[in-house]
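Undergrad: Okay, so here is query14.cif, and as you'll see once you scroll down, it has mmCIF, C-alpha atoms.
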data_upload
loop_
_atom_site.label_atom_id
_atom_site.label_comp_id
_atom_site.auth_asym_id
_atom_site.auth_seq_id
_atom_site.Cartn_x
_atom_site.Cartn_y
_atom_site.Cartn_z
CA MET A 1 -8.67 231.80 9.60
CA VAL A 2 -11.50 231.44 12.09
CA ARG A 3 -9.71 228.69 14.04
CA VAL A 4 -6.58 230.81 14.31
CA ALA A 5 -8.42 233.98 15.33
CA GLN A 6 -10.60 232.24 17.90
CA ARG A 7 -7.60 230.42 19.37
CA ALA A 8 -5.73 233.74 19.52
CA GLU A 9 -8.57 235.19 21.60
CA GLU A 10 -8.50 232.13 23.90
CA LEU A 11 -4.74 232.50 24.39
CA GLY A 12 -5.05 236.19 25.26
CA TYR A 13 -3.48 237.67 22.13
CA ASP A 14 -4.38 241.31 21.52
CA SER A 15 -4.66 241.27 17.74
CA VAL A 16 -4.62 239.26 14.52
CA TRP A 17 -3.09 240.57 11.30
CA VAL A 18 -3.31 239.82 7.59
CA THR A 19 -0.94 240.49 4.72
CA ASP A 20 -1.66 241.67 1.16
CA ARG A 21 -0.28 240.30 -2.10
CA VAL A 22 -1.71 240.94 -5.55
CA LEU A 23 0.03 238.16 -7.47
CA TYR A 24 2.96 235.75 -7.56
CA PRO A 25 5.18 236.62 -10.55
CA ILE A 26 6.85 233.63 -12.20
CA GLU A 27 9.82 235.77 -13.28
CA PRO A 28 9.79 238.71 -10.83
CA GLN A 29 11.07 242.05 -12.07
CA THR A 30 11.84 243.05 -8.49
CA PRO A 31 13.80 240.49 -6.44
CA TYR A 32 12.29 239.54 -3.10
CA MET A 33 14.65 240.77 -0.39
CA GLY A 34 13.90 237.94 2.02
CA SER A 35 15.29 235.09 -0.11
CA PRO A 36 18.81 234.45 -1.45
CA ASP A 37 17.70 234.04 -5.07
CA GLY A 38 15.06 236.80 -5.06
CA SER A 39 12.11 234.42 -5.48
CA LEU A 40 8.94 234.91 -3.45
CA PRO A 41 8.06 232.47 -0.66
CA GLU A 42 5.64 229.66 -1.49
CA VAL A 43 3.14 231.09 1.00
CA TYR A 44 2.50 234.03 -1.35
CA LYS A 45 1.02 231.74 -4.01
CA ILE A 46 -2.34 231.76 -2.20
CA VAL A 47 -3.37 235.03 -0.53
CA PHE A 48 -6.96 235.90 0.34
CA ASP A 49 -8.08 239.53 0.13
CA PRO A 50 -7.13 241.13 3.47
CA LEU A 51 -10.28 243.16 4.16
CA GLU A 52 -12.76 240.45 3.24
CA SER A 53 -10.71 238.06 5.41
CA LEU A 54 -10.78 240.39 8.41
CA THR A 55 -14.51 241.02 7.99
CA TYR A 56 -15.11 237.27 8.02
CA VAL A 57 -12.94 236.89 11.12
CA ALA A 58 -14.67 239.84 12.82
CA ALA A 59 -18.00 238.00 12.57
CA HIS A 60 -16.52 234.99 14.39
CA THR A 61 -14.68 236.84 17.19
CA SER A 62 -15.65 239.37 19.83
CA ARG A 63 -12.59 241.08 21.31
CA ILE A 64 -9.44 240.75 19.26
CA ALA A 65 -8.16 243.69 17.17
CA LEU A 66 -7.96 243.32 13.39
CA GLY A 67 -4.86 244.63 11.63
CA THR A 68 -3.48 244.91 8.09
CA SER A 69 0.23 244.31 7.62
CA ILE A 70 0.14 245.89 5.19
CA LEU A 71 -2.08 247.45 2.49
CA ASP A 72 -0.01 248.99 -0.32
CA MET A 73 -1.45 252.46 -0.90
CA PRO A 74 -0.59 252.71 -4.64
CA TYR A 75 -2.87 249.74 -5.34
CA TYR A 76 -5.98 251.43 -3.92
CA ASN A 77 -8.20 254.44 -4.40
CA PRO A 78 -8.29 256.22 -1.01
CA VAL A 79 -11.99 257.12 -1.16
CA MET A 80 -13.07 253.55 -1.82
CA LEU A 81 -10.57 252.16 0.68
CA ALA A 82 -11.77 254.59 3.37
CA ARG A 83 -15.33 253.31 2.89
CA ARG A 84 -14.25 249.67 3.10
CA LEU A 85 -12.16 250.28 6.20
CA THR A 86 -14.97 252.23 7.84
CA THR A 87 -17.36 249.36 7.19
CA LEU A 88 -14.94 246.92 8.84
CA ASP A 89 -14.44 249.19 11.85
CA VAL A 90 -18.21 249.61 12.32
CA LEU A 91 -19.07 245.94 11.83
CA SER A 92 -16.30 244.83 14.20
CA GLY A 93 -17.26 247.31 16.90
CA GLY A 94 -14.14 249.46 16.54
CA ARG A 95 -11.42 246.82 16.31
CA LEU A 96 -9.65 247.92 13.10
CA ARG A 97 -5.94 248.81 12.92
CA VAL A 98 -4.68 250.08 9.57
CA GLY A 99 -1.16 249.24 8.44
CA LEU A 100 -0.16 250.96 5.19
CA GLY A 101 2.88 250.76 2.93
CA GLN A 102 4.25 251.89 -0.41
CA GLY A 103 4.71 248.59 -2.24
CA TRP A 104 7.87 247.27 -3.85
CA SER A 105 6.92 244.79 -6.59
CA LYS A 106 7.16 246.19 -10.13
CA ASP A 107 4.97 243.32 -11.32
CA GLU A 108 2.18 244.30 -8.94
CA PHE A 109 2.43 247.97 -9.89
CA ASP A 110 2.15 247.01 -13.55
CA ALA A 111 -0.82 244.73 -12.89
CA VAL A 112 -2.87 247.43 -11.13
CA GLY A 113 -1.79 250.26 -13.43
CA ALA A 114 0.06 252.20 -10.72
CA SER A 115 3.29 254.17 -11.04
CA MET A 116 6.28 253.67 -8.77
CA ALA A 117 7.27 257.32 -9.26
CA GLY A 118 6.02 259.95 -6.84
CA ARG A 119 4.84 257.45 -4.24
CA GLY A 120 5.78 259.67 -1.32
CA ARG A 121 3.74 262.68 -2.41
CA ARG A 122 0.78 260.47 -3.24
CA ALA A 123 1.04 258.77 0.15
CA ASP A 124 0.77 262.11 1.95
CA GLU A 125 -2.43 262.90 0.07
CA PHE A 126 -3.73 259.34 0.36
CA ILE A 127 -3.58 259.49 4.15
CA GLY A 128 -5.03 262.99 4.05
CA VAL A 129 -8.06 261.68 2.15
CA LEU A 130 -8.56 258.85 4.65
CA LYS A 131 -8.48 261.25 7.58
CA ALA A 132 -10.77 263.75 5.86
CA ILE A 133 -13.39 261.09 5.18
CA TRP A 134 -13.13 259.67 8.69
CA THR A 135 -13.16 262.93 10.66
CA THR A 136 -15.06 265.64 8.75
CA ASP A 137 -18.67 266.13 7.72
CA PRO A 138 -19.20 267.20 5.01
CA VAL A 139 -16.00 265.90 3.44
CA GLU A 140 -13.94 267.91 0.98
CA PHE A 141 -10.41 267.35 -0.32
CA ASN A 142 -8.53 269.14 -3.08
CA GLY A 143 -5.08 267.81 -3.82
CA LYS A 144 -2.77 267.25 -6.75
CA PHE A 145 -3.55 263.53 -6.98
CA PHE A 146 -6.93 263.15 -5.29
CA GLN A 147 -10.07 265.30 -5.20
CA VAL A 148 -13.27 264.79 -3.22
CA PRO A 149 -16.13 267.22 -3.90
CA LYS A 150 -17.92 268.57 -0.85
CA SER A 151 -20.01 265.55 0.12
CA ILE A 152 -21.64 263.58 2.89
CA ILE A 153 -19.78 260.29 3.33
CA LEU A 154 -21.30 258.18 6.10
CA PRO A 155 -21.00 256.23 8.30
CA LYS A 156 -17.92 257.29 10.25
CA PRO A 157 -15.65 254.82 12.03
CA VAL A 158 -16.44 253.76 15.59
CA GLN A 159 -12.92 254.72 16.75
CA LYS A 160 -12.32 258.42 17.29
CA PRO A 161 -10.88 260.43 15.79
CA HIS A 162 -10.17 257.52 13.40
CA PRO A 163 -8.73 253.98 13.37
CA PRO A 164 -5.00 253.99 14.15
CA ILE A 165 -2.71 254.22 11.12
CA TYR A 166 0.67 252.46 11.13
CA LEU A 167 3.20 252.93 8.36
CA ALA A 168 5.74 250.36 7.21
CA ALA A 169 8.60 252.73 6.39
CA PHE A 170 12.39 252.62 6.38
CA SER A 171 13.53 255.56 4.24
CA ASP A 172 14.19 258.98 5.76
CA SER A 173 11.11 260.40 4.07
CA GLY A 174 9.02 257.43 5.16
CA LEU A 175 10.09 257.76 8.79
CA LYS A 176 9.33 261.49 8.66
CA ARG A 177 5.85 260.71 7.32
CA THR A 178 5.36 258.21 10.13
CA ALA A 179 6.52 260.64 12.79
CA THR A 180 4.32 263.47 11.58
CA ILE A 181 1.00 262.05 10.35
CA ALA A 182 0.71 258.40 11.50
CA ASN A 183 -0.18 256.81 14.82
CA GLY A 184 2.71 254.43 14.73
CA TRP A 185 5.46 252.54 12.94
CA LEU A 186 5.18 248.94 11.65
CA PRO A 187 8.67 247.59 10.87
CA ALA A 188 9.49 244.01 9.90
CA GLY A 189 12.66 241.96 9.96
CA VAL A 190 14.90 244.47 11.76
CA PRO A 191 16.75 243.01 14.80
CA PRO A 192 16.51 244.83 18.16
CA ALA A 193 19.99 246.31 17.77
CA GLY A 194 18.94 247.91 14.50
CA LEU A 195 15.56 249.02 15.80
CA LYS A 196 17.00 250.95 18.72
CA PRO A 197 18.57 253.82 16.73
CA MET A 198 15.65 253.87 14.28
CA ILE A 199 13.11 254.25 17.08
CA ALA A 200 15.24 257.00 18.63
CA GLY A 201 15.42 258.75 15.27
CA LEU A 202 11.66 258.44 14.80
CA LYS A 203 11.03 260.07 18.17
CA ASP A 204 13.53 262.85 17.41
CA ILE A 205 11.68 263.68 14.19
CA ALA A 206 8.39 263.79 16.09
CA ARG A 207 9.87 266.26 18.57
CA GLN A 208 11.24 268.42 15.78
CA PHE A 209 7.73 268.78 14.38
CA GLY A 210 6.17 269.56 17.74
CA ARG A 211 4.65 266.16 18.34
CA ASP A 212 4.80 264.16 21.54
CA PRO A 213 6.87 261.05 20.68
CA ALA A 214 4.91 259.08 23.26
CA GLU A 215 1.93 259.27 20.89
CA LEU A 216 3.76 257.00 18.42
CA GLU A 217 3.36 253.25 18.87
CA VAL A 218 5.88 250.80 17.48
CA VAL A 219 4.30 247.52 16.38
CA VAL A 220 6.87 244.97 15.16
CA ARG A 221 6.05 242.25 12.66
CA ALA A 222 8.11 239.13 13.38
CA ASN A 223 8.26 236.40 10.73
CA ILE A 224 8.86 233.38 12.94
CA LEU A 225 11.35 230.59 12.25
CA VAL A 226 12.03 228.17 15.12
CA THR A 227 15.21 226.11 14.83
CA GLU A 228 16.84 223.43 16.98
CA GLU A 229 20.32 224.94 16.62
CA PRO A 230 21.13 228.61 17.32
CA LEU A 231 21.36 230.88 14.30
CA GLY A 232 24.37 233.12 13.88
CA ASP A 233 24.27 236.85 13.27
CA PRO A 234 23.04 238.56 11.25
CA ARG A 235 19.61 236.94 11.55
CA PHE A 236 16.07 238.15 11.22
CA ILE A 237 14.23 239.07 14.40
CA CYS A 238 12.47 236.22 16.25
CA THR A 239 14.25 233.51 14.32
CA GLY A 240 16.42 230.80 15.83
CA THR A 241 16.02 228.67 18.92
CA PRO A 242 13.22 229.36 21.42
CA GLU A 243 15.87 230.90 23.68
CA GLN A 244 16.98 233.32 20.93
CA ILE A 245 13.38 234.27 20.15
CA LYS A 246 12.61 234.81 23.84
CA ALA A 247 15.64 237.09 24.11
CA ASP A 248 14.44 239.07 21.08
CA ILE A 249 11.00 239.53 22.62
CA ALA A 250 12.55 240.71 25.90
CA ALA A 251 14.79 243.15 24.00
CA LEU A 252 11.79 244.57 22.15
CA ARG A 253 9.97 245.06 25.45
CA GLU A 254 12.97 246.97 26.79
CA LEU A 255 12.88 249.21 23.71
CA GLY A 256 9.31 250.18 24.56
CA VAL A 257 7.76 248.37 21.59
CA ALA A 258 3.99 248.39 22.09
CA GLU A 259 3.27 245.10 20.38
CA VAL A 260 4.83 242.24 18.42
CA HIS A 261 2.75 240.24 16.01
CA PHE A 262 4.07 236.84 15.03
CA ASP A 263 3.75 235.34 11.56
CA PRO A 264 4.77 231.66 11.41
CA SER A 265 3.51 231.18 7.85
CA PHE A 266 7.03 231.51 6.40
CA SER A 267 8.30 228.57 8.49
CA THR A 268 7.77 224.85 7.99
CA ASP A 269 5.51 224.68 11.05
CA GLY A 270 3.33 227.45 9.66
CA THR A 271 2.30 225.61 6.50
CA SER A 272 -0.39 223.56 8.29
CA LEU A 273 -3.15 224.62 10.64
CA GLU A 274 -1.82 222.36 13.37
CA GLY A 275 1.68 223.79 13.03
CA PHE A 276 0.37 227.35 12.96
CA LEU A 277 -1.61 226.83 16.16
CA LYS A 278 1.34 225.11 17.82
CA THR A 279 3.61 228.06 17.02
CA MET A 280 1.00 230.51 18.33
CA GLU A 281 0.98 228.68 21.66
CA GLN A 282 4.77 228.52 21.73
CA MET A 283 5.18 232.26 21.04
CA LYS A 284 2.64 233.11 23.73
CA ALA A 285 4.58 231.06 26.24
CA LEU A 286 7.85 232.78 25.25
CA SER A 287 6.27 236.22 25.69
#
Produce C-alpha coordinates that represent the structure in this file.
TA:
Amino acid sequence: MVRVAQRAEELGYDSVWVTDRVLYPIEPQTPYMGSPDGSLPEVYKIVFDPLESLTYVAAHTSRIALGTSILDMPYYNPVMLARRLTTLDVLSGGRLRVGLGQGWSKDEFDAVGASMAGRGRRADEFIGVLKAIWTTDPVEFNGKFFQVPKSIILPKPVQKPHPPIYLAAFSDSGLKRTATIANGWLPAGVPPAGLKPMIAGLKDIARQFGRDPAELEVVVRANILVTEEPLGDPRFICTGTPEQIKADIAALRELGVAEVHFDPSFSTDGTSLEGFLKTMEQMKALS
(Lines of atoms letter the chains of each structure in order from A and count residues from 1; the text may use other names and numbers.)
(Lines give C-alpha, C1' and ligand atoms only; values in the text may rest on other atoms or scores of the structure.)
Protein backbone atom coordinates (compact mmCIF):
# COMPACT_ATOMS: atom_id res chain seq x y z
CA MET A 1 0.00 0.00 0.00
CA VAL A 2 2.79 2.40 0.87
CA ARG A 3 4.75 1.61 -2.30
CA VAL A 4 1.69 2.22 -4.45
CA ALA A 5 0.71 5.46 -2.70
CA GLN A 6 4.23 6.89 -2.74
CA ARG A 7 4.67 5.97 -6.41
CA ALA A 8 1.31 7.60 -7.16
CA GLU A 9 2.59 10.83 -5.61
CA GLU A 10 5.80 10.60 -7.65
CA LEU A 11 3.82 10.11 -10.87
CA GLY A 12 1.60 13.12 -10.14
CA TYR A 13 -1.64 11.30 -9.37
CA ASP A 14 -4.15 13.38 -7.41
CA SER A 15 -5.60 10.67 -5.18
CA VAL A 16 -5.51 7.06 -4.01
CA TRP A 17 -8.65 5.08 -3.20
CA VAL A 18 -9.57 1.96 -1.24
CA THR A 19 -12.52 -0.39 -1.47
CA ASP A 20 -14.55 -2.06 1.29
CA ARG A 21 -15.65 -5.68 1.56
CA VAL A 22 -16.86 -7.39 4.72
CA LEU A 23 -16.53 -11.02 3.63
CA TYR A 24 -16.27 -13.42 0.70
CA PRO A 25 -19.34 -15.70 0.71
CA ILE A 26 -18.68 -19.23 -0.52
CA GLU A 27 -22.26 -19.55 -1.81
CA PRO A 28 -23.39 -15.92 -2.34
CA GLN A 29 -27.06 -15.12 -1.88
CA THR A 30 -26.66 -12.11 -4.15
CA PRO A 31 -24.88 -12.76 -7.47
CA TYR A 32 -21.97 -10.47 -8.26
CA MET A 33 -22.93 -8.41 -11.30
CA GLY A 34 -19.41 -8.19 -12.68
CA SER A 35 -18.91 -11.91 -13.40
CA PRO A 36 -20.83 -14.30 -15.70
CA ASP A 37 -21.51 -16.88 -12.98
CA GLY A 38 -22.20 -14.41 -10.15
CA SER A 39 -19.10 -15.34 -8.15
CA LEU A 40 -16.96 -12.65 -6.54
CA PRO A 41 -13.49 -11.87 -7.92
CA GLU A 42 -10.52 -13.52 -6.23
CA VAL A 43 -9.23 -10.10 -5.17
CA TYR A 44 -12.10 -9.81 -2.66
CA LYS A 45 -10.78 -12.76 -0.63
CA ILE A 46 -8.29 -10.46 1.14
CA VAL A 47 -9.47 -6.92 1.90
CA PHE A 48 -7.90 -4.72 4.56
CA ASP A 49 -10.11 -2.30 6.50
CA PRO A 50 -10.35 0.86 4.36
CA LEU A 51 -9.95 3.53 7.06
CA GLU A 52 -7.06 1.89 8.86
CA SER A 53 -5.40 1.41 5.45
CA LEU A 54 -5.81 5.06 4.50
CA THR A 55 -4.54 6.21 7.90
CA TYR A 56 -1.43 4.08 7.42
CA VAL A 57 -0.94 5.49 3.93
CA ALA A 58 -1.50 9.05 5.17
CA ALA A 59 1.46 8.68 7.53
CA HIS A 60 3.72 7.72 4.61
CA THR A 61 2.60 10.38 2.10
CA SER A 62 2.35 14.16 2.12
CA ARG A 63 0.15 15.42 -0.71
CA ILE A 64 -2.11 12.82 -2.25
CA ALA A 65 -5.84 12.75 -1.44
CA LEU A 66 -7.29 9.70 0.31
CA GLY A 67 -10.62 8.35 -0.92
CA THR A 68 -13.05 5.54 -0.09
CA SER A 69 -14.71 3.76 -2.99
CA ILE A 70 -16.88 2.99 -1.23
CA LEU A 71 -18.06 2.63 2.39
CA ASP A 72 -21.48 0.93 2.59
CA MET A 73 -23.57 3.07 4.94
CA PRO A 74 -25.79 0.25 6.30
CA TYR A 75 -22.72 -1.45 7.76
CA TYR A 76 -21.77 1.53 9.95
CA ASN A 77 -23.07 3.68 12.76
CA PRO A 78 -22.90 7.28 11.48
CA VAL A 79 -21.72 8.79 14.78
CA MET A 80 -18.80 6.41 15.11
CA LEU A 81 -17.98 6.65 11.40
CA ALA A 82 -18.01 10.46 11.57
CA ARG A 83 -15.44 10.35 14.37
CA ARG A 84 -13.20 7.92 12.47
CA LEU A 85 -13.40 9.97 9.28
CA THR A 86 -12.70 13.18 11.18
CA THR A 87 -9.61 11.61 12.73
CA LEU A 88 -8.34 10.61 9.29
CA ASP A 89 -8.99 14.07 7.86
CA VAL A 90 -7.16 15.76 10.76
CA LEU A 91 -4.20 13.37 10.80
CA SER A 92 -3.79 13.62 7.01
CA GLY A 93 -3.98 17.41 6.98
CA GLY A 94 -7.33 17.59 5.19
CA ARG A 95 -6.87 15.00 2.45
CA LEU A 96 -9.97 12.83 3.00
CA ARG A 97 -12.62 12.19 0.32
CA VAL A 98 -15.64 10.17 1.39
CA GLY A 99 -17.31 7.81 -1.07
CA LEU A 100 -20.50 6.22 0.28
CA GLY A 101 -22.88 3.58 -1.02
CA GLN A 102 -25.86 1.44 -0.07
CA GLY A 103 -24.43 -2.07 -0.30
CA TRP A 104 -25.76 -4.96 -2.34
CA SER A 105 -24.61 -8.24 -0.74
CA LYS A 106 -27.29 -10.02 1.30
CA ASP A 107 -24.55 -12.04 2.98
CA GLU A 108 -22.81 -8.90 4.22
CA PHE A 109 -26.08 -7.39 5.44
CA ASP A 110 -26.80 -10.58 7.38
CA ALA A 111 -23.30 -10.66 8.85
CA VAL A 112 -23.49 -7.11 10.26
CA GLY A 113 -27.14 -7.35 11.32
CA ALA A 114 -28.36 -4.70 8.87
CA SER A 115 -31.63 -4.63 6.93
CA MET A 116 -31.81 -4.14 3.17
CA ALA A 117 -35.24 -2.51 3.56
CA GLY A 118 -35.52 1.24 3.94
CA ARG A 119 -31.94 1.93 2.89
CA GLY A 120 -32.81 5.17 1.13
CA ARG A 121 -34.47 6.83 4.12
CA ARG A 122 -31.67 5.69 6.40
CA ALA A 123 -29.07 7.04 3.96
CA ASP A 124 -30.65 10.50 4.06
CA GLU A 125 -30.41 10.54 7.85
CA PHE A 126 -26.97 8.91 7.85
CA ILE A 127 -25.52 11.73 5.75
CA GLY A 128 -27.42 14.24 7.87
CA VAL A 129 -25.71 12.91 11.00
CA LEU A 130 -22.27 13.12 9.36
CA LYS A 131 -22.84 16.72 8.35
CA ALA A 132 -24.26 17.68 11.74
CA ILE A 133 -21.23 16.28 13.55
CA TRP A 134 -18.81 17.89 11.11
CA THR A 135 -20.36 21.36 10.92
CA THR A 136 -22.22 22.19 14.16
CA ASP A 137 -21.18 22.77 17.74
CA PRO A 138 -22.86 21.61 19.88
CA VAL A 139 -24.21 18.74 17.80
CA GLU A 140 -27.82 17.60 17.94
CA PHE A 141 -29.78 15.29 15.64
CA ASN A 142 -33.26 13.85 16.03
CA GLY A 143 -34.36 11.50 13.30
CA LYS A 144 -36.39 8.35 12.85
CA PHE A 145 -33.33 6.09 12.66
CA PHE A 146 -30.58 8.07 14.41
CA GLN A 147 -30.52 10.36 17.44
CA VAL A 148 -27.65 12.40 18.85
CA PRO A 149 -28.28 14.24 22.13
CA LYS A 150 -27.05 17.81 22.30
CA SER A 151 -23.32 17.25 22.71
CA ILE A 152 -19.83 18.51 22.06
CA ILE A 153 -18.15 16.27 19.50
CA LEU A 154 -14.61 17.41 18.72
CA PRO A 155 -12.37 17.72 16.82
CA LYS A 156 -13.91 18.93 13.56
CA PRO A 157 -12.47 18.04 10.15
CA VAL A 158 -9.76 20.21 8.64
CA GLN A 159 -11.77 20.65 5.42
CA LYS A 160 -14.59 23.17 5.58
CA PRO A 161 -17.47 22.90 5.72
CA HIS A 162 -16.70 19.15 5.68
CA PRO A 163 -14.82 16.52 3.64
CA PRO A 164 -16.42 16.03 0.21
CA ILE A 165 -19.06 13.30 0.03
CA TYR A 166 -19.49 11.26 -3.16
CA LEU A 167 -22.32 8.80 -3.61
CA ALA A 168 -22.21 5.63 -5.71
CA ALA A 169 -25.79 5.69 -6.99
CA PHE A 170 -27.66 4.53 -10.08
CA SER A 171 -31.36 4.46 -9.13
CA ASP A 172 -33.58 7.51 -9.60
CA SER A 173 -33.78 8.04 -5.85
CA GLY A 174 -30.03 7.58 -5.49
CA LEU A 175 -29.26 10.13 -8.20
CA LYS A 176 -31.70 12.57 -6.57
CA ARG A 177 -29.91 12.10 -3.25
CA THR A 178 -26.59 12.74 -4.97
CA ALA A 179 -27.85 15.87 -6.71
CA THR A 180 -29.35 17.37 -3.58
CA ILE A 181 -27.12 16.53 -0.60
CA ALA A 182 -23.76 15.20 -1.89
CA ASN A 183 -20.70 16.89 -3.33
CA GLY A 184 -20.45 14.52 -6.23
CA TRP A 185 -21.22 11.25 -7.97
CA LEU A 186 -18.97 8.16 -7.98
CA PRO A 187 -20.09 5.75 -10.72
CA ALA A 188 -18.27 2.59 -11.77
CA GLY A 189 -18.35 0.45 -14.89
CA VAL A 190 -20.58 2.69 -17.02
CA PRO A 191 -19.15 3.47 -20.50
CA PRO A 192 -18.93 7.13 -21.63
CA ALA A 193 -21.99 6.76 -23.87
CA GLY A 194 -24.04 5.66 -20.88
CA LEU A 195 -22.57 8.27 -18.55
CA LYS A 196 -23.49 11.19 -20.79
CA PRO A 197 -27.29 11.06 -20.27
CA MET A 198 -26.87 10.14 -16.60
CA ILE A 199 -24.65 13.15 -15.93
CA ALA A 200 -27.11 15.38 -17.79
CA GLY A 201 -29.95 13.96 -15.70
CA LEU A 202 -27.99 14.49 -12.49
CA LYS A 203 -27.44 18.15 -13.36
CA ASP A 204 -31.11 18.61 -14.28
CA ILE A 205 -32.16 17.30 -10.86
CA ALA A 206 -29.73 19.69 -9.19
CA ARG A 207 -31.27 22.61 -11.08
CA GLN A 208 -34.78 21.52 -10.16
CA PHE A 209 -33.84 21.73 -6.48
CA GLY A 210 -32.18 25.12 -6.80
CA ARG A 211 -28.61 23.87 -6.75
CA ASP A 212 -25.82 24.93 -9.08
CA PRO A 213 -24.95 21.78 -11.08
CA ALA A 214 -21.37 23.01 -11.36
CA GLU A 215 -21.00 22.24 -7.65
CA LEU A 216 -21.31 18.51 -8.39
CA GLU A 217 -18.13 16.62 -9.24
CA VAL A 218 -18.20 13.37 -11.17
CA VAL A 219 -15.42 10.98 -10.14
CA VAL A 220 -15.37 7.78 -12.20
CA ARG A 221 -14.01 4.49 -10.90
CA ALA A 222 -12.44 2.50 -13.74
CA ASN A 223 -11.63 -1.17 -13.14
CA ILE A 224 -8.74 -1.60 -15.56
CA LEU A 225 -8.24 -4.55 -17.91
CA VAL A 226 -5.56 -4.14 -20.59
CA THR A 227 -5.79 -6.55 -23.53
CA GLU A 228 -3.71 -7.11 -26.67
CA GLU A 229 -6.77 -7.43 -28.91
CA PRO A 230 -9.62 -4.87 -29.01
CA LEU A 231 -12.72 -5.74 -27.02
CA GLY A 232 -16.11 -5.51 -28.67
CA ASP A 233 -19.09 -3.62 -27.32
CA PRO A 234 -20.60 -3.68 -24.83
CA ARG A 235 -17.50 -3.48 -22.62
CA PHE A 236 -16.73 -1.97 -19.27
CA ILE A 237 -15.10 1.46 -19.25
CA CYS A 238 -11.28 1.54 -19.52
CA THR A 239 -11.02 -2.06 -20.62
CA GLY A 240 -9.46 -3.25 -23.86
CA THR A 241 -6.35 -2.20 -25.71
CA PRO A 242 -4.36 0.85 -24.60
CA GLU A 243 -5.88 2.70 -27.56
CA GLN A 244 -9.43 1.87 -26.38
CA ILE A 245 -8.62 2.93 -22.82
CA LYS A 246 -7.04 6.17 -24.02
CA ALA A 247 -10.18 6.91 -26.04
CA ASP A 248 -12.34 6.28 -22.97
CA ILE A 249 -10.25 8.67 -20.88
CA ALA A 250 -10.52 11.35 -23.58
CA ALA A 251 -14.30 10.84 -23.77
CA LEU A 252 -14.60 11.23 -20.00
CA ARG A 253 -12.62 14.46 -20.16
CA GLU A 254 -15.00 15.77 -22.81
CA LEU A 255 -17.94 14.93 -20.54
CA GLY A 256 -16.46 17.18 -17.86
CA VAL A 257 -15.60 14.33 -15.49
CA ALA A 258 -13.46 15.78 -12.69
CA GLU A 259 -11.38 12.70 -12.04
CA VAL A 260 -10.90 9.05 -12.98
CA HIS A 261 -9.38 6.64 -10.52
CA PHE A 262 -7.95 3.44 -11.92
CA ASP A 263 -8.17 0.07 -10.20
CA PRO A 264 -6.02 -2.61 -11.87
CA SER A 265 -6.55 -5.15 -9.08
CA PHE A 266 -9.22 -7.02 -11.08
CA SER A 267 -6.79 -7.67 -13.95
CA THR A 268 -3.97 -10.19 -14.19
CA ASP A 269 -1.37 -7.42 -14.04
CA GLY A 270 -2.91 -6.10 -10.84
CA THR A 271 -2.36 -9.25 -8.79
CA SER A 272 1.31 -8.44 -8.08
CA LEU A 273 2.94 -5.27 -6.82
CA GLU A 274 5.12 -5.06 -9.93
CA GLY A 275 2.11 -5.43 -12.21
CA PHE A 276 0.10 -2.90 -10.22
CA LEU A 277 2.89 -0.31 -10.45
CA LYS A 278 3.36 -1.01 -14.16
CA THR A 279 -0.34 -0.42 -14.82
CA MET A 280 -0.26 2.81 -12.79
CA GLU A 281 2.54 4.11 -15.00
CA GLN A 282 0.74 2.98 -18.15
CA MET A 283 -2.54 4.68 -17.17
CA LYS A 284 -0.71 7.89 -16.32
CA ALA A 285 0.89 7.90 -19.75
CA LEU A 286 -2.49 7.31 -21.43
CA SER A 287 -4.04 10.21 -19.52
Undergrad: Just checking: using all atoms listed in the file, which residue out of A:Lys106, A:Glu243, A:Ala179, A:Trp185 ends up closest to Pro213 (chain A)?
TA: A:Ala179
Undergrad: What does the structure give for the distance between CA of Pro197 (chain A) and CA of Thr68 (chain A), in Å to one decimal?
TA: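 Interatomic distance here is 25.3 Å.
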Undergrad: Could you tell me which residues the PyMOL selection byres ((chain A and resi 14-21) around 9) grabs in this file, written as a ChimeraX atom specification?
TA: /A:4-5,8-9,12-13,22-24,44-51,53-54,63-72,95,97,108,259,261-263
Undergrad: List the neighbours of Glu254 (chain A) out to 12 Å using only C-alpha atoms; skip same-chain residues closer than 3 positions along the sequence, and give me the result as a list in words.
TA: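 Residues near the query, excluding close chain neighbours: Pro192, Ala193, Leu195, Lys196, Ala247, Asp248, Ile249, Ala250, Ala251, Val257, Ala258 and Glu259 of chain A.
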Undergrad: Here's the selection I'm unsure about, the PyMOL selection byres ((chain A and resi 83) around 12); applied to the file above, which residues does it give, as a list in words?
TA: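 Taken on the displayed file, the PyMOL selection byres ((chain A and resi 83) around 12) yields the residues Leu51, Tyr76, Asn77, Pro78, Val79, Met80, Leu81, Ala82, Arg84, Leu85, Thr86, Thr87, Leu88, Asp89, Val90, Val129, Leu130, Lys131, Ala132, Ile133, Trp134, Ile153, Leu154, Pro155, Lys156 and Pro157 of chain A.
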Undergrad: Tell me which protein, DNA and RNA residues are within 9 Å of Pro264 (chain A), counting all atoms listed in the file, leaving out same-chain ones fewer than 2 positions away, and put them as JSON, numbers by chain.
TA: {"A": [222, 223, 224, 225, 226, 262, 266, 267, 268, 269, 270, 271, 275, 276, 279, 280]}
Undergrad: Of the candidates A:Asp137, A:Leu167, A:Gly201, A:Pro149, which one gets nearest to Asp124 (chain A) if we count all atoms listed in the file?
TA: A:Leu167
Undergrad: CA of Asn183 (chain A) and CA of Leu216 (chain A) are how many Å apart?
TA: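 Distance reported for this atom pair: 5.3 Å.
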Undergrad: So how many Å separate CA of Val158 (chain A) and CA of Gly174 (chain A), to one decimal?
TA: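 Taking CA of Val158 (chain A) and CA of Gly174 (chain A), their separation equals 27.8 Å.
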Undergrad: I would like the residues chosen by the PyMOL selection byres ((chain A and resi 120) around 9) on the shown file; could you give them as a PDB file with C-alpha atoms, in the frame of the given file?
TA:
ATOM      1  CA  GLN A 102       4.250 251.890  -0.410  1.00  0.00           C
ATOM      2  CA  ALA A 117       7.270 257.320  -9.260  1.00  0.00           C
ATOM      3  CA  GLY A 118       6.020 259.950  -6.840  1.00  0.00           C
ATOM      4  CA  ARG A 119       4.840 257.450  -4.240  1.00  0.00           C
ATOM      5  CA  ARG A 121       3.740 262.680  -2.410  1.00  0.00           C
ATOM      6  CA  ARG A 122       0.780 260.470  -3.240  1.00  0.00           C
ATOM      7  CA  ALA A 123       1.040 258.770   0.150  1.00  0.00           C
ATOM      8  CA  ASP A 124       0.770 262.110   1.950  1.00  0.00           C
ATOM      9  CA  GLU A 125      -2.430 262.900   0.070  1.00  0.00           C
ATOM     10  CA  SER A 173      11.110 260.400   4.070  1.00  0.00           C
ATOM     11  CA  GLY A 174       9.020 257.430   5.160  1.00  0.00           C
ATOM     12  CA  ARG A 177       5.850 260.710   7.320  1.00  0.00           C
TER      13      ARG A 177
END
